[in-house]
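Okay, protein31.json now, which holds JSON, C-alpha atoms and all ligand atoms:
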[["chain", "number", "residue", "atom", "x", "y", "z"],
["A", 1, "MET", "CA", 165.66, 38.16, 92.64],
["A", 2, "SER", "CA", 165.93, 35.31, 90.21],
["A", 3, "GLU", "CA", 166.84, 32.19, 92.11],
["A", 4, "LEU", "CA", 167.80, 29.59, 89.51],
["A", 5, "VAL", "CA", 169.30, 30.41, 86.12],
["A", 6, "ILE", "CA", 169.78, 27.74, 83.48],
["A", 7, "ASP", "CA", 172.07, 29.20, 80.86],
["A", 8, "ARG", "CA", 172.48, 27.65, 77.40],
["A", 9, "ILE", "CA", 172.69, 23.97, 78.37],
["A", 10, "TYR", "CA", 173.80, 21.41, 75.78],
["A", 11, "LYS", "CA", 174.01, 17.67, 76.39],
["A", 12, "SER", "CA", 174.68, 14.68, 74.13],
["A", 13, "PHE", "CA", 175.09, 11.01, 74.90],
["A", 14, "GLY", "CA", 177.60, 9.97, 72.25],
["A", 15, "ALA", "CA", 176.13, 11.03, 68.91],
["A", 16, "ASP", "CA", 172.69, 11.41, 70.48],
["A", 17, "GLN", "CA", 172.02, 15.09, 71.16],
["A", 18, "VAL", "CA", 169.46, 15.43, 73.93],
["A", 19, "LEU", "CA", 169.50, 19.06, 75.13],
["A", 20, "HIS", "CA", 170.08, 21.96, 72.75],
["A", 21, "ASP", "CA", 170.56, 25.47, 74.06],
["A", 22, "VAL", "CA", 168.14, 25.24, 76.99],
["A", 23, "SER", "CA", 167.88, 28.47, 79.00],
["A", 24, "PHE", "CA", 165.35, 29.75, 81.51],
["A", 25, "ALA", "CA", 165.17, 31.33, 84.95],
["A", 26, "ALA", "CA", 163.03, 30.20, 87.87],
["A", 27, "HIS", "CA", 162.15, 32.91, 90.36],
["A", 28, "ASP", "CA", 161.79, 32.54, 94.12],
["A", 29, "GLY", "CA", 158.67, 30.63, 95.06],
["A", 30, "GLU", "CA", 157.61, 29.87, 91.48],
["A", 31, "PHE", "CA", 155.95, 26.61, 90.49],
["A", 32, "ILE", "CA", 157.09, 25.66, 86.97],
["A", 33, "SER", "CA", 156.02, 22.55, 85.09],
["A", 34, "ILE", "CA", 158.10, 21.12, 82.26],
["A", 35, "LEU", "CA", 156.27, 19.22, 79.58],
["A", 36, "GLY", "CA", 157.51, 17.58, 76.42],
["A", 37, "PRO", "CA", 157.34, 14.42, 74.33],
["A", 38, "SER", "CA", 158.58, 11.19, 75.86],
["A", 39, "GLY", "CA", 162.35, 10.87, 75.57],
["A", 40, "SER", "CA", 162.82, 14.58, 74.87],
["A", 41, "GLY", "CA", 165.28, 15.07, 77.73],
["A", 42, "LYS", "CA", 163.27, 16.25, 80.75],
["A", 43, "SER", "CA", 164.88, 13.87, 83.25],
["A", 44, "THR", "CA", 168.30, 14.61, 81.74],
["A", 45, "LEU", "CA", 167.70, 18.32, 82.32],
["A", 46, "PHE", "CA", 166.82, 17.64, 85.97],
["A", 47, "LYS", "CA", 169.92, 15.52, 86.43],
["A", 48, "VAL", "CA", 172.04, 18.30, 84.96],
["A", 49, "ILE", "CA", 170.41, 20.86, 87.28],
["A", 50, "GLY", "CA", 170.99, 18.55, 90.24],
["A", 51, "GLY", "CA", 174.66, 18.01, 89.36],
["A", 52, "ILE", "CA", 174.11, 14.28, 88.77],
["A", 53, "THR", "CA", 174.79, 14.40, 85.01],
["A", 54, "ARG", "CA", 177.46, 16.65, 83.54],
["A", 55, "GLN", "CA", 176.40, 18.82, 80.60],
["A", 56, "ASP", "CA", 178.65, 19.45, 77.59],
["A", 57, "ALA", "CA", 178.17, 23.22, 77.69],
["A", 58, "GLY", "CA", 176.23, 25.82, 79.63],
["A", 59, "GLU", "CA", 176.07, 26.97, 83.22],
["A", 60, "ILE", "CA", 173.71, 26.81, 86.19],
["A", 61, "TYR", "CA", 173.49, 29.54, 88.82],
["A", 62, "ILE", "CA", 171.61, 29.88, 92.09],
["A", 63, "ASN", "CA", 171.30, 33.43, 93.38],
["A", 64, "GLY", "CA", 174.22, 34.40, 91.18],
["A", 65, "GLU", "CA", 176.48, 31.61, 92.43],
["A", 66, "ARG", "CA", 177.73, 29.21, 89.77],
["A", 67, "ILE", "CA", 176.73, 25.68, 90.78],
["A", 68, "THR", "CA", 177.45, 23.89, 87.49],
["A", 69, "GLY", "CA", 178.31, 20.23, 88.18],
["A", 70, "LYS", "CA", 177.84, 20.64, 91.94],
["A", 71, "SER", "CA", 175.32, 18.63, 93.91],
["A", 72, "GLY", "CA", 173.61, 19.49, 97.19],
["A", 73, "TYR", "CA", 172.05, 22.77, 96.07],
["A", 74, "ILE", "CA", 168.80, 21.25, 94.91],
["A", 75, "SER", "CA", 166.45, 18.73, 96.40],
["A", 76, "TYR", "CA", 165.81, 16.22, 93.61],
["A", 77, "MET", "CA", 162.97, 13.73, 93.82],
["A", 78, "PRO", "CA", 163.34, 11.08, 91.11],
["A", 79, "GLN", "CA", 160.46, 9.34, 89.29],
["A", 80, "SER", "CA", 160.08, 6.57, 91.84],
["A", 81, "ALA", "CA", 160.14, 7.43, 95.54],
["A", 82, "ALA", "CA", 163.71, 6.39, 96.34],
["A", 83, "LEU", "CA", 163.31, 5.65, 100.04],
["A", 84, "MET", "CA", 165.93, 3.75, 101.99],
["A", 85, "PRO", "CA", 164.33, 0.40, 102.83],
["A", 86, "TRP", "CA", 166.29, -0.09, 106.05],
["A", 87, "ARG", "CA", 165.27, 3.27, 107.51],
["A", 88, "THR", "CA", 161.94, 4.03, 109.16],
["A", 89, "VAL", "CA", 159.58, 6.65, 107.73],
["A", 90, "LEU", "CA", 160.84, 9.23, 110.25],
["A", 91, "ASP", "CA", 164.49, 8.46, 109.54],
["A", 92, "ASN", "CA", 163.82, 8.64, 105.80],
["A", 93, "VAL", "CA", 162.25, 12.10, 105.98],
["A", 94, "LEU", "CA", 165.09, 13.35, 108.18],
["A", 95, "LEU", "CA", 167.76, 12.28, 105.70],
["A", 96, "GLY", "CA", 168.19, 15.63, 103.92],
["A", 97, "GLN", "CA", 168.44, 17.43, 107.25],
["A", 98, "GLU", "CA", 170.91, 14.87, 108.54],
["A", 99, "ILE", "CA", 173.20, 15.43, 105.55],
["A", 100, "ALA", "CA", 173.00, 19.17, 106.23],
["A", 101, "GLY", "CA", 173.81, 18.48, 109.90],
["A", 102, "LYS", "CA", 170.56, 19.64, 111.54],
["A", 103, "ARG", "CA", 167.84, 17.17, 112.51],
["A", 104, "ASP", "CA", 164.46, 18.55, 113.49],
["A", 105, "PRO", "CA", 162.26, 15.54, 114.36],
["A", 106, "ALA", "CA", 159.48, 17.71, 115.85],
["A", 107, "LYS", "CA", 158.99, 19.52, 112.52],
["A", 108, "ALA", "CA", 159.15, 16.21, 110.66],
["A", 109, "VAL", "CA", 156.41, 14.72, 112.84],
["A", 110, "LYS", "CA", 154.27, 17.82, 112.22],
["A", 111, "MET", "CA", 154.67, 17.37, 108.47],
["A", 112, "LEU", "CA", 153.90, 13.67, 108.65],
["A", 113, "GLU", "CA", 150.74, 14.56, 110.53],
["A", 114, "ARG", "CA", 149.66, 16.99, 107.80],
["A", 115, "ALA", "CA", 150.28, 14.31, 105.21],
["A", 116, "GLY", "CA", 148.05, 11.81, 107.04],
["A", 117, "LEU", "CA", 151.02, 9.68, 108.02],
["A", 118, "ILE", "CA", 150.90, 10.03, 111.77],
["A", 119, "GLY", "CA", 151.25, 6.61, 113.40],
["A", 120, "TYR", "CA", 153.51, 5.48, 110.55],
["A", 121, "GLU", "CA", 156.72, 7.10, 111.80],
["A", 122, "LYS", "CA", 158.26, 3.81, 112.87],
["A", 123, "ARG", "CA", 157.12, 1.80, 109.85],
["A", 124, "PHE", "CA", 159.43, 0.82, 107.01],
["A", 125, "PRO", "CA", 158.87, 1.71, 103.32],
["A", 126, "HIS", "CA", 157.72, -1.81, 102.36],
["A", 127, "GLN", "CA", 154.83, -1.43, 104.83],
["A", 128, "LEU", "CA", 153.42, 1.61, 102.97],
["A", 129, "SER", "CA", 151.18, 2.04, 99.92],
["A", 130, "GLY", "CA", 152.51, 3.72, 96.75],
["A", 131, "GLY", "CA", 150.81, 7.03, 97.61],
["A", 132, "MET", "CA", 152.22, 6.95, 101.14],
["A", 133, "LYS", "CA", 155.75, 6.36, 99.83],
["A", 134, "GLN", "CA", 155.35, 9.35, 97.51],
["A", 135, "ARG", "CA", 154.26, 11.52, 100.41],
["A", 136, "VAL", "CA", 157.21, 10.39, 102.53],
["A", 137, "SER", "CA", 159.54, 11.18, 99.65],
["A", 138, "PHE", "CA", 157.94, 14.63, 99.28],
["A", 139, "ILE", "CA", 158.27, 15.41, 102.96],
["A", 140, "ARG", "CA", 161.94, 14.50, 102.77],
["A", 141, "SER", "CA", 162.35, 17.03, 99.92],
["A", 142, "LEU", "CA", 160.38, 19.69, 101.75],
["A", 143, "LEU", "CA", 162.34, 19.26, 104.98],
["A", 144, "SER", "CA", 165.65, 19.47, 103.16],
["A", 145, "PRO", "CA", 167.28, 22.87, 103.55],
["A", 146, "GLN", "CA", 167.35, 23.56, 99.80],
["A", 147, "THR", "CA", 164.71, 26.02, 98.58],
["A", 148, "LEU", "CA", 164.60, 24.53, 95.09],
["A", 149, "ILE", "CA", 162.88, 21.19, 94.55],
["A", 150, "CYS", "CA", 162.89, 19.21, 91.29],
["A", 151, "LEU", "CA", 160.06, 16.67, 91.11],
["A", 152, "ASP", "CA", 160.21, 14.17, 88.24],
["A", 153, "GLU", "CA", 156.73, 12.77, 87.49],
["A", 154, "PRO", "CA", 155.99, 12.21, 91.18],
["A", 155, "PHE", "CA", 152.35, 11.21, 90.67],
["A", 156, "SER", "CA", 152.58, 9.04, 87.57],
["A", 157, "ALA", "CA", 152.03, 5.77, 89.45],
["A", 158, "LEU", "CA", 148.94, 6.95, 91.33],
["A", 159, "ASP", "CA", 145.25, 6.48, 90.53],
["A", 160, "GLU", "CA", 143.30, 9.60, 89.55],
["A", 161, "PHE", "CA", 141.72, 10.29, 92.96],
["A", 162, "THR", "CA", 144.90, 9.80, 94.97],
["A", 163, "ARG", "CA", 146.68, 11.90, 92.39],
["A", 164, "PHE", "CA", 144.25, 14.79, 92.77],
["A", 165, "ASP", "CA", 144.49, 14.60, 96.56],
["A", 166, "MET", "CA", 148.27, 14.69, 96.29],
["A", 167, "GLN", "CA", 148.14, 17.69, 93.94],
["A", 168, "LYS", "CA", 145.99, 19.64, 96.39],
["A", 169, "TRP", "CA", 148.23, 18.60, 99.25],
["A", 170, "LEU", "CA", 151.35, 19.66, 97.32],
["A", 171, "LEU", "CA", 149.85, 23.09, 96.57],
["A", 172, "SER", "CA", 148.99, 23.72, 100.21],
["A", 173, "ILE", "CA", 152.47, 22.70, 101.36],
["A", 174, "TRP", "CA", 154.21, 24.66, 98.60],
["A", 175, "GLN", "CA", 152.35, 27.83, 99.55],
["A", 176, "GLU", "CA", 153.16, 27.39, 103.22],
["A", 177, "TYR", "CA", 156.87, 26.59, 102.81],
["A", 178, "SER", "CA", 157.59, 28.99, 99.90],
["A", 179, "LYS", "CA", 159.79, 26.61, 97.93],
["A", 180, "THR", "CA", 160.58, 26.96, 94.23],
["A", 181, "ILE", "CA", 159.34, 23.88, 92.38],
["A", 182, "LEU", "CA", 160.32, 22.48, 88.99],
["A", 183, "PHE", "CA", 157.90, 19.72, 88.11],
["A", 184, "VAL", "CA", 158.10, 17.25, 85.22],
["A", 185, "THR", "CA", 154.85, 15.64, 84.15],
["A", 186, "HIS", "CA", 153.16, 14.10, 81.11],
["A", 187, "ASN", "CA", 149.78, 15.13, 82.40],
["A", 188, "ILE", "CA", 148.63, 18.44, 80.89],
["A", 189, "GLU", "CA", 145.75, 18.90, 83.32],
["A", 190, "GLU", "CA", 148.08, 18.39, 86.27],
["A", 191, "ALA", "CA", 150.59, 20.92, 84.90],
["A", 192, "LEU", "CA", 147.88, 23.52, 84.33],
["A", 193, "PHE", "CA", 146.27, 22.95, 87.70],
["A", 194, "LEU", "CA", 149.51, 23.27, 89.66],
["A", 195, "SER", "CA", 151.75, 25.74, 87.90],
["A", 196, "ASP", "CA", 152.52, 29.43, 87.61],
["A", 197, "ARG", "CA", 154.46, 28.74, 84.43],
["A", 198, "LEU", "CA", 154.61, 26.01, 81.87],
["A", 199, "ILE", "CA", 157.72, 25.27, 79.83],
["A", 200, "ILE", "CA", 157.23, 23.08, 76.77],
["A", 201, "LEU", "CA", 160.20, 21.26, 75.30],
["A", 202, "SER", "CA", 160.43, 20.12, 71.70],
["A", 203, "ALA", "CA", 161.17, 16.54, 70.71],
["A", 204, "LYS", "CA", 164.82, 15.50, 70.99],
["A", 205, "PRO", "CA", 167.12, 17.40, 70.86],
["A", 206, "ALA", "CA", 165.06, 19.38, 73.35],
["A", 207, "GLU", "CA", 164.79, 23.12, 72.93],
["A", 208, "ILE", "CA", 162.36, 25.38, 74.76],
["A", 209, "LYS", "CA", 159.37, 25.81, 72.46],
["A", 210, "ARG", "CA", 157.09, 27.70, 74.81],
["A", 211, "ASP", "CA", 157.35, 29.42, 78.17],
["A", 212, "TRP", "CA", 153.81, 30.37, 79.20],
["A", 213, "GLN", "CA", 152.45, 32.11, 82.30],
["A", 214, "ILE", "CA", 149.35, 30.31, 83.56],
["A", 215, "PRO", "CA", 146.69, 32.92, 84.35],
["A", 216, "PHE", "CA", 144.44, 31.00, 86.77],
["A", 217, "GLU", "CA", 143.95, 32.57, 90.19],
["A", 218, "ARG", "CA", 144.95, 30.86, 93.41],
["A", 219, "PRO", "CA", 143.84, 29.11, 95.48],
["A", 220, "ARG", "CA", 142.83, 26.65, 92.76],
["A", 221, "THR", "CA", 139.95, 24.27, 93.24],
["A", 222, "GLU", "CA", 138.42, 21.34, 91.37],
["A", 223, "GLN", "CA", 135.89, 23.73, 89.75],
["A", 224, "LEU", "CA", 138.70, 25.24, 87.68],
["A", 225, "LEU", "CA", 139.06, 21.95, 85.79],
["A", 226, "TYR", "CA", 135.58, 22.37, 84.27],
["A", 227, "THR", "CA", 135.86, 25.96, 83.08],
["A", 228, "ASN", "CA", 136.06, 26.83, 79.39],
["A", 229, "GLU", "CA", 139.27, 28.72, 79.89],
["A", 230, "PHE", "CA", 140.91, 25.66, 81.43],
["A", 231, "LEU", "CA", 139.72, 23.40, 78.60],
["A", 232, "GLN", "CA", 140.99, 25.87, 76.01],
["A", 233, "TRP", "CA", 144.41, 25.91, 77.66],
["A", 234, "LYS", "CA", 144.43, 22.13, 77.75],
["A", 235, "LYS", "CA", 143.75, 21.96, 74.03],
["A", 236, "MET", "CA", 146.39, 24.57, 73.21],
["A", 237, "VAL", "CA", 149.06, 22.74, 75.24],
["A", 238, "TYR", "CA", 148.09, 19.39, 73.74],
["A", 239, "GLU", "CA", 148.41, 20.78, 70.18],
["A", 240, "GLU", "CA", 151.80, 22.26, 71.01],
["A", 241, "ILE", "CA", 153.20, 18.99, 72.37],
["A", 242, "LYS", "CA", 151.68, 16.92, 69.56],
["A", 243, "GLN", "CA", 153.68, 18.90, 66.99],
["A", 244, "GLY", "CA", 156.85, 17.63, 68.70],
["B", 301, "LIG", "N1", 172.81, 7.72, 80.66],
["B", 301, "LIG", "C1", 172.37, 7.75, 79.41],
["B", 301, "LIG", "N2", 173.09, 7.21, 78.40],
["B", 301, "LIG", "C2", 172.67, 7.28, 77.12],
["B", 301, "LIG", "N3", 171.51, 7.85, 76.74],
["B", 301, "LIG", "C3", 170.75, 8.41, 77.69],
["B", 301, "LIG", "C4", 171.12, 8.38, 79.08],
["B", 301, "LIG", "N4", 170.17, 9.02, 79.81],
["B", 301, "LIG", "C5", 169.22, 9.40, 78.91],
["B", 301, "LIG", "N5", 169.57, 9.04, 77.65],
["B", 301, "LIG", "C6", 168.82, 9.32, 76.44],
["B", 301, "LIG", "O1", 168.45, 10.68, 76.45],
["B", 301, "LIG", "C7", 167.15, 10.85, 75.88],
["B", 301, "LIG", "C8", 166.30, 11.63, 76.84],
["B", 301, "LIG", "O2", 166.03, 10.85, 78.01],
["B", 301, "LIG", "P1", 165.26, 11.44, 79.27],
["B", 301, "LIG", "O3", 165.08, 10.34, 80.24],
["B", 301, "LIG", "O4", 165.92, 12.68, 79.70],
["B", 301, "LIG", "O5", 163.87, 11.82, 78.58],
["B", 301, "LIG", "P2", 162.48, 12.23, 79.25],
["B", 301, "LIG", "O6", 161.98, 13.41, 78.48],
["B", 301, "LIG", "O7", 162.64, 12.41, 80.71],
["B", 301, "LIG", "O8", 161.62, 10.93, 78.93],
["B", 301, "LIG", "P3", 160.25, 10.41, 79.56],
["B", 301, "LIG", "O9", 159.25, 11.50, 79.34],
["B", 301, "LIG", "O10", 159.94, 9.20, 78.74],
["B", 301, "LIG", "O11", 160.50, 10.12, 81.02],
["B", 301, "LIG", "C9", 166.63, 9.46, 75.55],
["B", 301, "LIG", "O12", 166.83, 9.23, 74.18],
["B", 301, "LIG", "C10", 167.51, 8.55, 76.38],
["B", 301, "LIG", "O13", 167.68, 7.32, 75.73]]

Would you mind writing the file's structure down as C-alpha cells?
Ligand SMILES: Nc1ncnc2c1ncn2[C@@H]1O[C@H](COP(=O)(O)OP(=O)(O)OP(=O)(O)O)[C@@H](O)[C@H]1O
Amino acid sequence: MSELVIDRIYKSFGADQVLHDVSFAAHDGEFISILGPSGSGKSTLFKVIGGITRQDAGEIYINGERITGKSGYISYMPQSAALMPWRTVLDNVLLGQEIAGKRDPAKAVKMLERAGLIGYEKRFPHQLSGGMKQRVSFIRSLLSPQTLICLDEPFSALDEFTRFDMQKWLLSIWQEYSKTILFVTHNIEEALFLSDRLIILSAKPAEIKRDWQIPFERPRTEQLLYTNEFLQWKKMVYEEIKQG
C-alpha cells in the first residue's frame, strides 16, 4: 500500500511561486532523496508535508487519510539538529514519544548505544560535537511513533568521513526499523548511495523533473562509489540538476 501521497501541491509566497503541481507517492519503507537547485523549494515542500506551512492548493494523504495542514503525522528533522538545550540527551530523544504519551527509556538507551552515544545520556546538547547532535536528533526521529521521517540536509555540516559513517549508520537503522524516509540533500553521491528513488526538482517554481529508481543492490558498501555504473549515474544526475 502506498503510504504517503502528495497530490498536486502549489505554493507561493506573495508573487513568488515556489511549488508548482508537485505530486508523488512514497511507499512503505522506501528511501527517497529529493534533489534540486538551491532555493527551488525543497524545504518548503517538507514544511508543507509536515503541516508547518500551508499550501495554496493540493492535498496530502497518509494511508488514504487526508492530513493536509495537520501536524503530528510525520517526524520532521530540520536542517540543523533542533535539540532542546535544557534537556539531557536522553530526554531529548524521548521527546517524540512523550508527546505521543508513551516513553520507552530502555529502547532509547539501546539506540543511543548503537549510535556510539552510551555514557552521554545525561549530557546536555552544548556538551556534544556536531555529529553527536545530529545522531541524537536522528534517534529522536526514529523513536517517534511516526513511520514517515523527513530529513532536511541532515549531514551538510559534517566532514566527509563523519558524513560517510553517518550514512552507513542511517542505512543500518532504516533497514532495521522499516521507516519511510524522505531525504533532502545537495550531495549527489549521498543521494545515490542511500536511496531507492531519486526525485529531481526543477529550479523555482519547482516541478518534478525526474523520478528515478536507483538500481544498486543492498546492502551498499563503499566499493559501490568507485564503480563505473555509480559514476555514470552521478554524471547523469549532475547534468539534470545543472539544467535547472
Ligand atoms: N516564509 C517564507 N517567506 C517568503 N519566502 C519564502 C519563505 N520560505 C521560503 N521562501 C522562499 O521560497 C523559495 C524556496 O525556499 P526553500 O527554502 O524551500 O528552498 P530549498 O530548495 O530548500 O533551498 P536550499 O537548497 O538552498 O536549502 C526561496 O526563494 C525562498 O526565499

Write out as CSV a residue-level contact list of chain A versus ligand LIG 301 (chain B) with cut-off 10 Å: for each qualifying residue the closest pair of atoms and the distance in Å to one decimal, counting only C-alpha atoms and all ligand atoms, rows sorted by chain and residue number upward.
residue,atom,partner,partner_atom,distance
A:Lys11,CA,B:LIG301,O1,8.9
A:Ser12,CA,B:LIG301,O1,7.8
A:Phe13,CA,B:LIG301,C2,5.0
A:Gly14,CA,B:LIG301,C2,7.4
A:Ala15,CA,B:LIG301,N3,9.6
A:Asp16,CA,B:LIG301,O12,7.3
A:Gln17,CA,B:LIG301,O1,7.8
A:Val18,CA,B:LIG301,O1,5.5
A:Leu19,CA,B:LIG301,C8,8.3
A:Ile34,CA,B:LIG301,O6,9.4
A:Leu35,CA,B:LIG301,O6,8.2
A:Gly36,CA,B:LIG301,O6,6.5
A:Pro37,CA,B:LIG301,O9,6.1
A:Ser38,CA,B:LIG301,O9,3.6
A:Gly39,CA,B:LIG301,O8,3.4
A:Ser40,CA,B:LIG301,O6,3.9
A:Gly41,CA,B:LIG301,O4,3.2
A:Lys42,CA,B:LIG301,O6,3.9
A:Ser43,CA,B:LIG301,O7,3.7
A:Thr44,CA,B:LIG301,O4,3.7
A:Leu45,CA,B:LIG301,O4,6.5
A:Phe46,CA,B:LIG301,O4,8.0
A:Lys47,CA,B:LIG301,O4,8.3
A:Val48,CA,B:LIG301,O4,9.8
A:Thr53,CA,B:LIG301,N1,8.2
A:Gln79,CA,B:LIG301,O11,8.3
A:Asp152,CA,B:LIG301,O7,8.1
A:Glu153,CA,B:LIG301,O11,7.9
A:Val184,CA,B:LIG301,O7,8.0
A:Thr185,CA,B:LIG301,O9,7.7
A:His186,CA,B:LIG301,O9,6.9
A:Leu201,CA,B:LIG301,O6,8.7
A:Ser202,CA,B:LIG301,O6,9.7
A:Ala203,CA,B:LIG301,O6,8.4
A:Lys204,CA,B:LIG301,C7,7.1
A:Pro205,CA,B:LIG301,C7,8.3
A:Ala206,CA,B:LIG301,O6,8.5

Which residues of stretch 98-217 of chain A come within 9 Å of stretch 227-236 of chain A, and what is each one's closest atom pair and distance in Å (one decimal), counting all atoms listed in the file, sorted by chain and residue number, as JSON lines?
{"residue": "A:Ile188", "atom": "CA", "partner": "A:Lys234", "partner_atom": "CA", "distance": 6.4}
{"residue": "A:Glu189", "atom": "CA", "partner": "A:Lys234", "partner_atom": "CA", "distance": 6.6}
{"residue": "A:Leu192", "atom": "CA", "partner": "A:Lys234", "partner_atom": "CA", "distance": 7.6}
{"residue": "A:Phe193", "atom": "CA", "partner": "A:Phe230", "partner_atom": "CA", "distance": 8.7}
{"residue": "A:Ile214", "atom": "CA", "partner": "A:Trp233", "partner_atom": "CA", "distance": 8.9}
{"residue": "A:Phe216", "atom": "CA", "partner": "A:Phe230", "partner_atom": "CA", "distance": 8.3}

Residues of stretch 127-202 of chain A that approach stretch 86-100 of chain A to 12 Å or less, counting all atoms listed in the file: could you list each one with the shortest pair of atoms and its distance in Å to one decimal, rows by chain and increasing residue number, as a Markdown table?
| residue | atom | partner | partner_atom | distance |
| --- | --- | --- | --- | --- |
| A:Gln127 | CA | A:Val89 | CA | 9.8 |
| A:Leu128 | CA | A:Val89 | CA | 9.3 |
| A:Met132 | CA | A:Val89 | CA | 9.9 |
| A:Lys133 | CA | A:Val89 | CA | 8.8 |
| A:Gln134 | CA | A:Val93 | CA | 11.3 |
| A:Arg135 | CA | A:Val93 | CA | 9.8 |
| A:Val136 | CA | A:Val93 | CA | 6.3 |
| A:Ser137 | CA | A:Val93 | CA | 6.9 |
| A:Phe138 | CA | A:Val93 | CA | 8.4 |
| A:Ile139 | CA | A:Val93 | CA | 6.0 |
| A:Arg140 | CA | A:Val93 | CA | 4.0 |
| A:Ser141 | CA | A:Gly96 | CA | 7.2 |
| A:Leu142 | CA | A:Val93 | CA | 8.9 |
| A:Leu143 | CA | A:Gln97 | CA | 6.8 |
| A:Ser144 | CA | A:Gly96 | CA | 4.7 |
| A:Pro145 | CA | A:Gln97 | CA | 6.7 |
| A:Gln146 | CA | A:Gly96 | CA | 9.0 |

Please produce a file of those selected residues containing C-alpha atoms, as an mmCIF file, keeping the file's coordinate frame.
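Below you can see out25.cif, which holds the result:
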data_model
loop_
_atom_site.group_PDB
_atom_site.id
_atom_site.type_symbol
_atom_site.label_atom_id
_atom_site.label_comp_id
_atom_site.auth_asym_id
_atom_site.auth_seq_id
_atom_site.Cartn_x
_atom_site.Cartn_y
_atom_site.Cartn_z
ATOM 1 C CA GLN A 127 154.830 -1.430 104.830
ATOM 2 C CA LEU A 128 153.420 1.610 102.970
ATOM 3 C CA MET A 132 152.220 6.950 101.140
ATOM 4 C CA LYS A 133 155.750 6.360 99.830
ATOM 5 C CA GLN A 134 155.350 9.350 97.510
ATOM 6 C CA ARG A 135 154.260 11.520 100.410
ATOM 7 C CA VAL A 136 157.210 10.390 102.530
ATOM 8 C CA SER A 137 159.540 11.180 99.650
ATOM 9 C CA PHE A 138 157.940 14.630 99.280
ATOM 10 C CA ILE A 139 158.270 15.410 102.960
ATOM 11 C CA ARG A 140 161.940 14.500 102.770
ATOM 12 C CA SER A 141 162.350 17.030 99.920
ATOM 13 C CA LEU A 142 160.380 19.690 101.750
ATOM 14 C CA LEU A 143 162.340 19.260 104.980
ATOM 15 C CA SER A 144 165.650 19.470 103.160
ATOM 16 C CA PRO A 145 167.280 22.870 103.550
ATOM 17 C CA GLN A 146 167.350 23.560 99.800
#

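Each of A:Tyr10, A:Phe183, A:Trp212, A:Trp174 was checked against A:Phe155 using all atoms listed in the file; the smallest atom-to-atom distance is that of A:Phe183.
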
For atom CA of A:Ser156 and atom CA of A:Leu194, the interatomic separation in Å (one decimal):
14.7 Å

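Taking atom CA of A:Thr68 and atom CA of A:Arg210 as endpoints, the distance between them is 24.3 Å.
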
Give me, please, the distance in Å between atom CA of A:Leu83 and atom CA of A:Gln167, quoted to one decimal.
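Taking atom CA of A:Leu83 and atom CA of A:Gln167, their separation equals 20.3 Å.
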
Report as JSON, numbers by chain all protein, DNA and RNA residues lying within 10 Å of A:Trp169, evaluated on only C-alpha atoms, omitting residues in the same chain fewer than 6 positions from it.
{"A": [114, 115, 135, 163]}

Taking (166.1, 15.7, 92.5) as a centre in this file's frame and 8 Å as the limit, can you find every polymer residue with an atom that close, using only C-alpha atoms, and give them as an NGL selection string?
:A and (46-47 or 50 or 74-78 or 149-152)

Just C-alpha atoms for this one: save the residues we selected as a compact mmCIF listing (two decimals), keeping the file's coordinate frame.
# COMPACT_ATOMS: atom_id res chain seq x y z
CA PHE A 46 166.82 17.64 85.97
CA LYS A 47 169.92 15.52 86.43
CA GLY A 50 170.99 18.55 90.24
CA ILE A 74 168.80 21.25 94.91
CA SER A 75 166.45 18.73 96.40
CA TYR A 76 165.81 16.22 93.61
CA MET A 77 162.97 13.73 93.82
CA PRO A 78 163.34 11.08 91.11
CA ILE A 149 162.88 21.19 94.55
CA CYS A 150 162.89 19.21 91.29
CA LEU A 151 160.06 16.67 91.11
CA ASP A 152 160.21 14.17 88.24

Mind filling out stretch 124-134 of chain A with N, CA and C atoms and sending it as a PDB file, keeping the file's coordinate frame?
ATOM      1  N   PHE A 124     158.407   0.836 108.056  1.00  0.00           N
ATOM      2  CA  PHE A 124     159.430   0.820 107.010  1.00  0.00           C
ATOM      3  C   PHE A 124     158.756   0.976 105.641  1.00  0.00           C
ATOM      4  N   PRO A 125     159.488   1.440 104.619  1.00  0.00           N
ATOM      5  CA  PRO A 125     158.870   1.710 103.320  1.00  0.00           C
ATOM      6  C   PRO A 125     158.032   0.544 102.767  1.00  0.00           C
ATOM      7  N   HIS A 126     158.482  -0.705 102.960  1.00  0.00           N
ATOM      8  CA  HIS A 126     157.720  -1.810 102.360  1.00  0.00           C
ATOM      9  C   HIS A 126     156.351  -1.997 103.032  1.00  0.00           C
ATOM     10  N   GLN A 127     156.127  -1.311 104.143  1.00  0.00           N
ATOM     11  CA  GLN A 127     154.830  -1.430 104.830  1.00  0.00           C
ATOM     12  C   GLN A 127     153.866  -0.310 104.411  1.00  0.00           C
ATOM     13  N   LEU A 128     154.245   0.476 103.397  1.00  0.00           N
ATOM     14  CA  LEU A 128     153.420   1.610 102.970  1.00  0.00           C
ATOM     15  C   LEU A 128     152.839   1.378 101.581  1.00  0.00           C
ATOM     16  N   SER A 129     151.732   2.082 101.280  1.00  0.00           N
ATOM     17  CA  SER A 129     151.180   2.040  99.920  1.00  0.00           C
ATOM     18  C   SER A 129     152.015   2.958  99.020  1.00  0.00           C
ATOM     19  N   GLY A 130     151.763   2.880  97.705  1.00  0.00           N
ATOM     20  CA  GLY A 130     152.510   3.720  96.750  1.00  0.00           C
ATOM     21  C   GLY A 130     152.344   5.201  97.050  1.00  0.00           C
ATOM     22  N   GLY A 131     151.092   5.611  97.325  1.00  0.00           N
ATOM     23  CA  GLY A 131     150.810   7.030  97.610  1.00  0.00           C
ATOM     24  C   GLY A 131     151.516   7.485  98.878  1.00  0.00           C
ATOM     25  N   MET A 132     151.542   6.592  99.876  1.00  0.00           N
ATOM     26  CA  MET A 132     152.220   6.950 101.140  1.00  0.00           C
ATOM     27  C   MET A 132     153.717   7.143 100.907  1.00  0.00           C
ATOM     28  N   LYS A 133     154.298   6.244 100.112  1.00  0.00           N
ATOM     29  CA  LYS A 133     155.750   6.360  99.830  1.00  0.00           C
ATOM     30  C   LYS A 133     156.041   7.695  99.145  1.00  0.00           C
ATOM     31  N   GLN A 134     155.153   8.073  98.207  1.00  0.00           N
ATOM     32  CA  GLN A 134     155.350   9.350  97.510  1.00  0.00           C
ATOM     33  C   GLN A 134     155.313  10.502  98.496  1.00  0.00           C
TER      34      GLN A 134
END
